[in-house]
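*Asks:* Input run_16.txt, format and content: compact mmCIF, C-alpha atoms and all ligand atoms.
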# COMPACT_ATOMS: atom_id res chain seq x y z
CA TRP A 1 0.00 0.00 0.00
CA ALA A 2 2.89 2.33 0.73
CA PRO A 3 6.04 0.94 -0.88
CA VAL A 4 9.13 2.65 0.52
CA ALA A 5 11.90 3.06 -2.08
CA ALA A 6 14.21 5.40 -0.20
CA VAL A 7 14.42 7.26 3.08
CA HIS A 8 15.23 10.96 3.50
CA VAL A 9 16.01 11.75 7.09
CA GLU A 10 16.94 14.85 9.04
CA LYS A 11 20.09 13.44 10.61
CA VAL A 12 21.28 16.59 12.30
CA SER A 13 19.59 19.82 13.30
CA PHE A 14 22.41 21.79 11.67
CA ASP A 15 25.23 20.98 9.29
CA THR A 16 28.59 21.64 10.91
CA HIS A 17 30.31 21.70 7.49
CA ALA A 18 28.23 24.73 6.55
CA LEU A 19 29.73 26.50 9.56
CA SER A 20 33.21 25.34 8.57
CA ALA A 21 35.57 25.91 11.48
CA GLY A 22 34.83 29.49 12.37
CA ARG A 23 34.79 30.83 8.82
CA PRO A 24 33.36 34.34 9.13
CA LEU A 25 29.95 34.56 7.53
CA GLU A 26 29.20 37.58 5.44
CA GLY A 27 26.50 39.65 7.11
CA ALA A 28 24.15 39.00 4.22
CA GLU A 29 24.65 35.25 4.50
CA TYR A 30 22.68 34.81 7.68
CA GLN A 31 20.29 37.70 7.26
CA GLN A 32 18.80 37.08 3.86
CA GLY A 33 17.47 33.55 4.04
CA THR A 34 20.44 31.63 2.70
CA LEU A 35 21.09 27.96 3.49
CA ALA A 36 24.17 28.95 5.56
CA GLY A 37 21.97 31.37 7.47
CA TYR A 38 19.47 28.66 8.35
CA GLU A 39 22.27 26.33 9.46
CA VAL A 40 23.66 29.11 11.67
CA ARG A 41 20.25 29.74 13.22
CA GLU A 42 19.75 26.05 14.07
CA TYR A 43 23.28 25.91 15.47
CA LEU A 44 22.70 28.99 17.64
CA LEU A 45 19.35 27.64 18.88
CA ALA A 46 21.09 24.45 20.04
CA LYS A 47 24.11 26.24 21.48
CA TRP A 48 22.17 28.88 23.41
CA GLY A 49 19.29 26.67 24.56
CA ARG A 50 16.58 28.39 22.48
CA ALA A 51 16.55 31.36 24.86
CA CYS A 52 17.68 34.98 24.98
CA ALA A 53 21.29 34.95 26.21
CA TYR A 54 20.78 38.18 28.17
CA CYS A 55 17.39 37.76 29.92
CA GLY A 56 16.73 34.02 29.45
CA LYS A 57 13.29 34.49 27.85
CA GLN A 58 12.05 31.52 25.83
CA ASP A 59 9.23 31.20 23.31
CA VAL A 60 9.79 34.74 22.02
CA PRO A 61 11.18 35.83 18.64
CA LEU A 62 14.97 35.68 18.86
CA ASN A 63 17.36 37.82 16.83
CA ILE A 64 20.93 36.93 15.99
CA ASP A 65 23.05 39.19 18.18
CA HIS A 66 26.74 40.06 17.85
CA ILE A 67 28.22 39.63 21.35
CA HIS A 68 30.91 42.15 20.46
CA PRO A 69 29.03 44.66 18.29
CA ARG A 70 30.08 44.85 14.66
CA SER A 71 30.24 48.62 14.86
CA ARG A 72 33.02 48.16 17.41
CA GLY A 73 34.96 45.64 15.37
CA GLY A 74 33.12 42.46 16.44
CA SER A 75 33.41 39.70 13.83
CA ASP A 76 30.78 37.71 11.93
CA ARG A 77 32.22 34.39 13.09
CA VAL A 78 29.67 32.08 14.73
CA SER A 79 31.77 32.29 17.91
CA ASN A 80 30.75 35.98 18.17
CA LEU A 81 27.04 35.29 17.62
CA THR A 82 24.31 34.60 20.14
CA LEU A 83 20.54 34.88 20.34
CA ALA A 84 18.73 37.80 21.94
CA CYS A 85 15.06 38.68 22.30
CA ILE A 86 14.06 41.80 20.39
CA PRO A 87 13.99 44.15 23.46
CA CYS A 88 17.44 42.97 24.64
CA ASN A 89 18.82 43.11 21.09
CA GLN A 90 17.57 46.68 20.65
CA THR A 91 18.65 47.88 24.09
CA LYS A 92 22.14 46.41 23.67
CA ASN A 93 22.53 47.70 20.10
CA ALA A 94 26.11 49.03 19.80
CA THR A 95 26.88 48.98 23.52
CA PRO A 96 29.99 46.92 24.35
CA VAL A 97 28.86 43.68 26.00
CA GLN A 98 31.02 44.42 29.10
CA GLU A 99 29.12 47.68 29.59
CA PHE A 100 25.70 46.18 28.77
CA LEU A 101 26.22 43.49 31.45
CA LYS A 102 28.22 45.60 33.92
CA ASP A 103 25.70 44.79 36.68
CA LYS A 104 25.72 41.07 35.89
CA PRO A 105 29.38 39.95 35.92
CA ALA A 106 28.46 36.26 36.39
CA LEU A 107 26.23 36.30 33.32
CA LEU A 108 28.88 38.12 31.29
CA ALA A 109 31.49 35.46 32.19
CA GLU A 110 29.02 32.69 31.33
CA ILE A 111 28.17 34.18 27.92
CA LEU A 112 31.83 34.75 27.00
CA LYS A 113 32.65 31.16 28.02
CA GLN A 114 29.71 29.66 26.11
CA ALA A 115 30.65 31.72 23.04
CA LYS A 116 34.00 29.96 22.91
CA ALA A 117 32.49 26.47 23.36
CA PRO A 118 33.60 24.33 20.43
CA LEU A 119 31.18 23.22 17.75
CA ARG A 120 31.31 19.55 18.74
CA ASP A 121 29.70 20.29 22.14
CA ALA A 122 26.64 21.74 20.48
CA ALA A 123 26.69 18.83 18.05
CA ALA A 124 26.13 16.43 20.96
CA VAL A 125 22.40 17.19 20.79
CA ASN A 126 22.43 15.33 17.49
CA THR A 127 23.38 11.89 18.88
CA THR A 128 19.83 10.50 19.00
CA ARG A 129 19.44 11.26 15.32
CA TRP A 130 22.69 9.39 14.62
CA ALA A 131 21.22 6.31 16.31
CA LEU A 132 18.07 6.65 14.20
CA TRP A 133 20.16 6.99 11.06
CA GLN A 134 22.09 3.82 11.86
CA ALA A 135 18.85 1.90 12.41
CA LEU A 136 17.54 3.17 9.06
CA GLN A 137 20.78 2.14 7.32
CA ALA A 138 20.17 -1.39 8.60
CA THR A 139 16.99 -1.61 6.50
CA GLY A 140 19.11 -1.76 3.35
CA LEU A 141 17.14 1.06 1.71
CA PRO A 142 18.99 4.06 0.27
CA VAL A 143 19.14 6.57 3.13
CA HIS A 144 19.74 10.22 2.29
CA THR A 145 20.52 12.62 5.08
CA ALA A 146 20.11 16.35 5.52
CA SER A 147 20.02 18.94 8.25
CA GLY A 148 17.07 20.59 9.96
CA GLY A 149 18.51 23.91 8.83
CA ARG A 150 18.07 22.79 5.22
CA THR A 151 14.47 21.71 5.92
CA LYS A 152 13.64 25.19 7.24
CA TRP A 153 15.50 26.84 4.35
CA ASN A 154 13.52 24.74 1.86
CA ARG A 155 10.29 25.73 3.61
CA SER A 156 11.22 29.39 3.44
CA ARG A 157 11.71 29.08 -0.34
CA THR A 158 8.45 27.22 -1.11
CA GLY A 159 6.31 29.10 1.42
CA ALA A 160 4.44 25.89 2.25
CA PRO A 161 2.03 25.96 5.21
CA LYS A 162 3.12 24.49 8.54
CA SER A 163 2.30 20.82 9.04
CA HIS A 164 4.24 17.69 9.99
CA THR A 165 3.59 16.11 6.61
CA LEU A 166 4.87 19.10 4.70
CA ASP A 167 7.88 19.33 7.03
CA ALA A 168 8.73 15.78 5.96
CA LEU A 169 8.32 16.74 2.31
CA HIS A 170 10.93 19.49 2.73
CA VAL A 171 13.72 17.27 4.10
CA GLY A 172 16.82 17.03 1.91
CA HIS A 173 17.76 18.43 -1.49
CA LEU A 174 14.72 20.02 -3.01
CA GLU A 175 14.43 22.08 -6.17
CA SER A 176 10.75 22.91 -6.03
CA VAL A 177 7.42 21.58 -4.86
CA THR A 178 4.75 21.09 -7.52
CA ALA A 179 2.14 19.20 -5.48
CA TRP A 180 1.66 17.11 -2.41
CA PRO A 181 -0.59 14.16 -1.55
CA SER A 182 -4.12 15.11 -0.52
CA THR A 183 -4.31 12.10 1.80
CA VAL A 184 -1.54 10.90 4.09
CA LEU A 185 -1.13 7.57 5.85
CA VAL A 186 -0.71 7.98 9.60
CA ALA A 187 1.03 5.14 11.48
CA LYS A 188 0.60 5.52 15.23
CA ALA A 189 2.35 3.32 17.80
CA THR A 190 -0.44 1.60 19.76
CA GLY A 191 1.50 -1.16 21.51
CA ARG A 192 0.56 -4.81 21.67
CA GLY A 193 -1.88 -4.71 24.54
CA THR A 194 -1.12 -5.46 28.16
CA TYR A 195 1.07 -8.27 29.44
CA THR A 196 -0.63 -8.45 32.83
CA ARG A 197 -3.07 -11.33 33.10
CA THR A 198 -4.86 -10.04 36.20
CA THR A 199 -6.64 -6.83 37.07
CA PRO A 200 -5.61 -5.49 40.49
CA ASP A 201 -8.08 -4.05 43.01
CA ARG A 202 -7.47 -0.63 44.55
CA TYR A 203 -5.04 -2.14 47.09
CA GLY A 204 -2.97 -3.72 44.35
CA PHE A 205 -4.13 -7.31 44.93
CA PRO A 206 -4.96 -9.39 41.88
CA ARG A 207 -8.73 -9.45 41.60
CA LEU A 208 -9.90 -10.46 38.12
CA VAL A 209 -8.06 -13.17 36.25
CA ARG A 210 -7.86 -12.16 32.62
CA PRO A 211 -8.11 -14.75 29.87
CA ARG A 212 -4.89 -16.66 29.31
CA SER A 213 -5.07 -16.03 25.58
CA LYS A 214 -5.43 -12.67 23.86
CA LEU A 215 -6.87 -14.47 20.86
CA HIS A 216 -10.65 -14.78 20.66
CA HIS A 217 -12.40 -16.43 17.72
CA GLY A 218 -9.15 -16.00 15.77
CA PHE A 219 -8.90 -12.24 16.42
CA GLN A 220 -6.78 -10.16 18.76
CA THR A 221 -7.42 -6.63 19.97
CA GLY A 222 -5.67 -4.23 17.60
CA ASP A 223 -6.09 -6.32 14.45
CA LEU A 224 -7.17 -4.39 11.38
CA VAL A 225 -10.50 -5.85 10.27
CA ARG A 226 -13.49 -5.31 8.04
CA ALA A 227 -17.01 -6.21 9.11
CA ASN A 228 -19.80 -6.66 6.59
CA ILE A 229 -23.07 -6.51 8.50
CA PRO A 230 -25.96 -7.62 6.30
CA ALA A 231 -28.91 -6.15 8.22
CA GLY A 232 -30.01 -4.17 11.25
CA LYS A 233 -29.08 -0.79 12.66
CA LYS A 234 -25.35 -1.35 12.05
CA ALA A 235 -25.81 -2.66 8.50
CA GLY A 236 -22.96 -1.84 6.16
CA ILE A 237 -19.20 -2.19 5.88
CA HIS A 238 -17.01 -1.05 8.76
CA ALA A 239 -13.21 -1.16 8.70
CA GLY A 240 -10.78 -0.39 11.48
CA ARG A 241 -9.07 -1.66 14.61
CA VAL A 242 -10.97 -4.34 16.51
CA LEU A 243 -11.47 -4.81 20.25
CA VAL A 244 -12.18 -8.46 21.00
CA ARG A 245 -14.17 -10.15 23.79
CA SER A 246 -14.34 -13.85 24.60
CA SER A 247 -18.11 -13.57 24.13
CA GLY A 248 -17.54 -12.95 20.42
CA SER A 249 -19.07 -9.47 20.61
CA PHE A 250 -16.45 -7.16 19.10
CA ASP A 251 -16.07 -3.39 18.81
CA ILE A 252 -14.50 -1.75 15.76
CA THR A 253 -12.93 1.71 15.83
CA THR A 254 -13.36 3.16 12.36
CA ARG A 255 -12.36 6.53 10.92
CA HIS A 256 -15.81 7.83 11.80
CA GLY A 257 -16.17 6.43 15.31
CA ARG A 258 -16.67 3.27 17.30
CA ILE A 259 -19.16 0.57 16.33
CA THR A 260 -19.95 -1.65 19.31
CA GLY A 261 -21.35 -5.15 19.67
CA ILE A 262 -20.42 -6.64 16.30
CA ASN A 263 -20.76 -10.41 16.02
CA HIS A 264 -17.39 -12.00 15.22
CA ARG A 265 -18.99 -14.00 12.37
CA HIS A 266 -19.27 -10.82 10.28
CA VAL A 267 -15.61 -9.88 10.79
CA ARG A 268 -12.73 -10.59 8.39
CA HIS A 269 -9.03 -9.87 8.77
CA LEU A 270 -7.31 -7.11 6.83
CA GLN A 271 -4.06 -7.21 8.78
CA ARG A 272 -2.98 -8.72 12.06
CA ALA A 273 -1.92 -6.27 14.78
CA ASP A 274 1.73 -5.25 14.48
CA GLY A 275 1.74 -2.71 17.31
CA TYR A 276 0.71 0.19 15.05
CA GLY A 277 -2.64 1.73 14.21
CA TYR A 278 -3.07 2.87 10.61
CA THR A 279 -5.42 5.64 9.59
CA THR A 280 -5.52 8.16 6.79
CA ARG A 281 -5.88 11.89 7.10
CA LYS A 282 -6.80 14.51 4.55
CA GLU A 283 -3.85 16.84 4.14
CA ALA A 284 -5.54 19.44 1.96
CA ASP A 285 -8.33 20.01 4.51
CA ARG A 286 -5.93 21.76 6.81
CA HIS A 287 -4.80 24.41 4.35
CA ASP A 288 -6.57 26.89 2.17
CA ARG A 289 -4.56 25.92 -0.88
CA PRO A 290 -1.03 24.84 -1.68
CA VAL A 291 1.54 27.54 -2.34
CA TRP A 292 3.59 26.82 -5.43
CA ALA A 293 7.33 27.11 -5.41
CA ARG A 294 7.57 27.46 -9.13
CA SER A 295 4.66 27.46 -11.53
CA GLY A 296 5.80 26.76 -15.05
CA PRO A 297 3.93 27.56 -18.26
CA GLY A 298 0.37 26.30 -18.07
CA GLY A 299 0.27 26.67 -14.33
CA PRO A 300 0.75 24.12 -11.60
CA PRO A 301 -0.90 20.68 -11.65
CA ALA A 302 -4.03 20.16 -9.58
CA PRO A 303 -3.35 19.42 -5.90
CA GLY A 304 -3.09 15.73 -5.16
CA SER A 305 -2.81 14.75 -8.81
CA SER A 306 0.62 13.26 -8.20
CA PRO A 307 2.75 12.87 -5.12
CA ALA A 308 5.60 15.37 -4.97
ZN ZN B 401 16.21 39.20 26.32
Would you write the structure of this file as C-alpha cells?

*Replies:*
Amino acid sequence: WAPVAAVHVEKVSFDTHALSAGRPLEGAEYQQGTLAGYEVREYLLAKWGRACAYCGKQDVPLNIDHIHPRSRGGSDRVSNLTLACIPCNQTKNATPVQEFLKDKPALLAEILKQAKAPLRDAAAVNTTRWALWQALQATGLPVHTASGGRTKWNRSRTGAPKSHTLDALHVGHLESVTAWPSTVLVAKATGRGTYTRTTPDRYGFPRLVRPRSKLHHGFQTGDLVRANIPAGKKAGIHAGRVLVRSSGSFDITTRHGRITGINHRHVRHLQRADGYGYTTRKEADRHDRPVWARSGPGGPPAPGSSPA
C-alpha cells in the first residue's frame, strides 16, 4: 500500500560543514534567508538553549546578536554570535557587552565562556538522530541525510504551510514543490496490549483473572479488520481496529467512530496487529490551498494529482 523506495532523514539539526571551522559569515549570509543562514540559526538555537542569552526568555522571537558589536569591530564568526530577544537586542545595540552586562558579571562570564564552546559540544544534541540513522541504514534502503537547517530553508523558499507532513516533504535536497498528496497515511504506535493477566483491586491485589489467551475467535485486539453486517441498525461495511471479547461481541474503531457489539462472524481480517494503528488523514483540509514554489507555463498541476 505504501512501498518505501528510499528514506530521507533529518540526521542533524544543523550541518557543521556549513559553519566550517569558524569561517566568518558575510553579514548578508545569515540575514537574507540563505542555506548557511538557516544552518547558523539552528546551530545557535542548540548552542544557546533556544533562549535569549541576556534575559533568558524563551518562546519569544529571537534575533541573531553580535556579542561584540560589529560597529566596534566584532566579527561575523559564529563564535561571536548569540541569540537575543528583540527588546534585549535593541537595548544592547552598539553597547559593548562588558558595559551592557556591567551589573551582571556572572552572566557576562558565562556568555563569554559559552561563546568559545567548540562546535562539537553543540553537536552532541544530534546523537539520537545518529542512532536513528544507523537503524535506518540497517533496512538496506537508500538513506539520504540532511540537516534541519536545510528543511527550514527549503520551507522558506516554497512558502508551504506548517504541518508535519509538509515538514517531511521538505527534508533534503529540493528544487521545487509542484504538489503534495491530498491524503496521508498515519502510522501511530499503539502497543501490543497489556502483558498483565490479572486486574488489580485498589489495594494492588490481583482481583480479576484475565483470559490466558489474547486471541478470541481467531482475532486479537488491535487487528485491522473489516465487518460486513448484512442487516439491522449497524448494517454496512465497517473497517478499522478491533477490540475483542471472549463472548464474540467485538467493537471496531473506524475513521468515523466506534461501532460496538459486532458479532465475530461478520468480521474478516485485513491485517494482524503489528503494534501500530493505521489511519488516513486529509492533508488538503488543513490548508486553504497549496503555495507553489515554481509554476511553469500552463500553471501548476491540480493538488493531489501526483505525489511530490
Ligand atoms: Zn532578552

*Asks:* Please identify all protein, DNA and RNA residues within 12 Å of ligand ZN 401 (chain B), counting only C-alpha atoms and all ligand atoms, and report them as a list of chain:residue names.

*Replies:*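 The residues within 12 Å of ligand ZN 401 (chain B), counting only C-alpha atoms and all ligand atoms, are A:Arg50, A:Ala51, A:Cys52, A:Ala53, A:Tyr54, A:Cys55, A:Gly56, A:Lys57, A:Gln58, A:Asp59, A:Val60, A:Pro61, A:Leu62, A:Asn63, A:Ile64, A:Asp65, A:Thr82, A:Leu83, A:Ala84, A:Cys85, A:Ile86, A:Pro87, A:Cys88, A:Asn89, A:Gln90, A:Thr91, A:Lys92.
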
*Asks:* Scan for residues within 12 Å of the point (-6.1, 3.4, 6.8) in the coordinates of the file, using all atoms listed in the file, and reply as number ranges by chain.

*Replies:* A: 1-2, 183-188, 224-226, 238-241, 253-256, 270-271, 276-282

*Asks:* Expressed in Å to a single decimal, how great is the separation between CA of Leu44 in chain A and CA of Leu169 in chain A?

*Replies:*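 Atom-to-atom, CA of Leu44 in chain A and CA of Leu169 in chain A are spaced 24.3 Å apart.
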
*Asks:* What's around Arg155 in chain A at 9 Å? Count all atoms listed in the file, leave out sequence neighbours fewer than 4 positions away in its own chain, and write the answer as a list of chain:residue names.

*Replies:*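 My reading of the contact set: A:Arg150, A:Thr151, A:Gly159, A:Ala160, A:Pro161, A:Lys162, A:Leu166, A:Asp167, A:His170.
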
*Asks:* Determine the nearest neighbour of Ala6 in chain A from the options A:Ala146, A:Val242, A:Leu141, A:Ala189, counting only C-alpha atoms.

*Replies:* A:Leu141

*Asks:* What lies within 6 Å of His8 in chain A using only C-alpha atoms, ignoring chain neighbours under 2 positions off, as a list in words?

*Replies:*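 Within the cut-off, the hits are Val143, His144 and Thr145 of chain A.
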
*Asks:* Check the smallest atom-to-atom distance from each of A:Asp201, A:Glu99, A:Glu39, A:Glu10 to Pro69 in chain A using only C-alpha atoms, then report the winner.

*Replies:*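 For Pro69 in chain A, the nearest of the given residues is A:Glu99.
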
*Asks:* Using only C-alpha atoms, can you tell me which of A:Val78, A:Ala36, A:Ala109, A:Ala227 comes closest to Arg268 in chain A?

*Replies:* A:Ala227

*Asks:* Would you compute the distance between CA of Phe250 in chain A and CA of Ile262 in chain A? Give it in Å to one decimal.

*Replies:*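 It comes out at 4.9 Å.
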
*Asks:* Go ahead and compute the interatomic distance for CA of Glu175 in chain A and CA of Asn154 in chain A, in Å to one decimal.

*Replies:*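 Computing the Euclidean distance for CA of Glu175 in chain A and CA of Asn154 in chain A yields 8.5 Å.
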
*Asks:* Restricting the calculation to all atoms listed in the file: of A:Ala273, A:Ser249, A:Val177, A:Gly232, which residue gets closest to Gln220 in chain A?

*Replies:*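 Smallest distance to Gln220 in chain A is found for A:Ala273.
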
*Asks:* Closest to Pro96 in chain A among A:His217, A:Gly149, A:Ile67, A:Leu108, using only C-alpha atoms?

*Replies:* A:Ile67

*Asks:* Take the point (-2.3, -0.7, 19.5) as written in the file and pick out every residue within 6 Å of it, counting only C-alpha atoms; give the list as an MDAnalysis selection string.

*Replies:* chainID A and resid 190:192 222 275:277

*Asks:* Hey, which of A:Pro142, A:Arg72, A:Leu101, A:Lys47 ends up closest to Ala115 in chain A? Count all atoms listed in the file.

*Replies:* A:Lys47
